[in-house]
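One structure below.
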Amino acid sequence: MGILYIVSTPIGNLQDITIRAIKALFEADVIACEDTRRAGILLEQMSGLYNNLTQNDNGKKHKPKLLSYYDQIEFRRIPEIVSLLQSEQKVALISDAGTPAISDPGFKLIRECIKMGVKIEVVPGASSVTTALTASGLPTDKFIFLGYPPHKSGHRRTFFENTKKSQEFIKSTIIFFVAPHKLIRNLEEVKEIFGDIEIVLCRELTKIHEEIRREKISQAILHFQKTAPKGEFVLLFNLQEQ
């Protein structure tokens, strides 16, 4: 039986890759990735920056095969990957950025590998969730990460209302992901449910244009009505800090 590596990759700054992650990627026979083009670029960049770590014991570079793995094809990729693992191959799972399976494809494959007795090694690293939380200045002892809010407005409203109710019992920092084209709409809905609370918005974390905004929701809405949102956002707030 082979090994499934769950490998975290940088969320922006390439220097955040770990030595162990580089070794796992270049030892793998196959890399399952959301976007083969982006994964290929990452491997090229790693080869350029860390040449000695990307060579095998004979001083030669091993080039893993790239296999697309995203939500729409996950159901048919899982048997294929399990078959590779059963034939003693090493497979590395990565997402476009950050830690795989965190609001990205992967948990179904991991669950199937556990069921089949496949050895799993997690290679931890960058995560926009913990990076944003650390930079936010909000309490970090308890936090709830809720991924992306639901697509449908009715489901989203119920989701936000239930989140608010949960804070009666679990007082914590709340963290969401928000897509740029949904930012203003989501902020308006959060304001309607939670009031004009203080929030933290993070984007482009660890990148050149990193932005961390700490302000009331109404101020954030006003800003992004004038300046088009770009990049994925992490939204954080803590009702005890209002």
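Residue names in the structure tokens use chain letters A, B, ... in the order shown, residue numbers from 1 in each chain, and ligand numbers from 1 in the order shown.
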Write out, as CSV, each residue of region 85-173 of chain A that has an atom at most 10 Å from region 210-216 of chain A, together with the closest pair of atoms and their distance in Å to one decimal, counting only C-alpha atoms, rows going by chain and rising number.
residue,atom,partner,partner_atom,distance
A:Ala132,CA,A:Ile212,CA,8.5
A:Ala135,CA,A:Ile212,CA,8.1
A:Ser136,CA,A:Ile212,CA,7.8
A:Gly137,CA,A:Arg214,CA,9.3
Handout entry: Residue list (strand (DSSP E or B), DSSP) for region 110-191 of chain A, as a list of chain:residue names
Key =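 So, restricting region 110-191 of chain A to strand (DSSP E or B), we get A:Lys119, A:Ile120, A:Glu121, A:Val122, A:Val123, A:Phe143, A:Ile144, A:Phe145, A:Thr173, A:Ile174, A:Ile175, A:Phe176, A:Phe177, A:Val178.
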Problem - Distance criterion (only C-alpha atoms): nearest to Thr18 (chain A) out of A:Val123, A:Ile3, A:Ile144, A:Ile197 - result: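 Counting only C-alpha atoms, the residue closest to Thr18 (chain A) is A:Val123.
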Exercise for the section: Return the single residue from A:Leu183, A:Leu205, A:Leu14, A:Leu84 that is closest to Leu42 (chain A), with distances computed using only C-alpha atoms. Expected result: A:Leu14
Exercise for the section: Using only C-alpha atoms, pick whichever of A:Gln242, A:Asn52, A:Ser68, A:Ser83 has the shortest atom-to-atom distance to Thr173 (chain A). Expected result: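 Among the listed residues, A:Gln242 lies closest to Thr173 (chain A).
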Handout entry: Residue nearest Ile94 (chain A) among A:Tyr5, A:Phe107, A:Phe160, A:Phe26 (counting only C-alpha atoms)
Key =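 Looking only at the distances to Ile94 (chain A), the closest residue turns out to be A:Tyr5.
Proximity of A:Leu67, A:Leu239, A:Met1, A:Ile11 to Cys33 (chain A), computed with only C-alpha atoms, is greatest for A:Leu67.
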Problem - Residue contacts of Gln225 (chain A) (12 Å, only C-alpha atoms) excluding same-chain residues fewer than 4 positions away, as a PyMOL selection string - result: chain A and resi 180-185+187-188+218-221+229
Practice task
Have a look at A:Leu146, A:Val178, A:Cys202, A:Val7 and name the one nearest to Thr163 (chain A); count only C-alpha atoms.
Solution key: A:Leu146
Exercise for the section: Give me, please, the distance in Å between CA of Arg20 (chain A) and CA of Tyr148 (chain A), quoted to one decimal. Expected result: 29.5 Å
Handout entry: Polymer residues at most 12 Å from Gln89 (chain A), only C-alpha atoms, same-chain spacing of 2 or more positions, as a VMD selection string
Key = chain A and resid 1 to 5 27 to 31 64 to 65 80 to 87 91 to 92 118 to 119
Problem - Neighbour list for Gln55 (chain A) as a PyMOL selection string, cut-off 10 Å, only C-alpha atoms, skip fewer than 6 positions in-chain - result: chain A and resi 23+26-27+47+61-63
Problem - Spatial neighbours of Asp96 (chain A), max dist 8 Å, only C-alpha atoms, sep filter under 2 positions, as a PyMOL selection string - result: chain A and resi 9+33-35+38-39+94+98
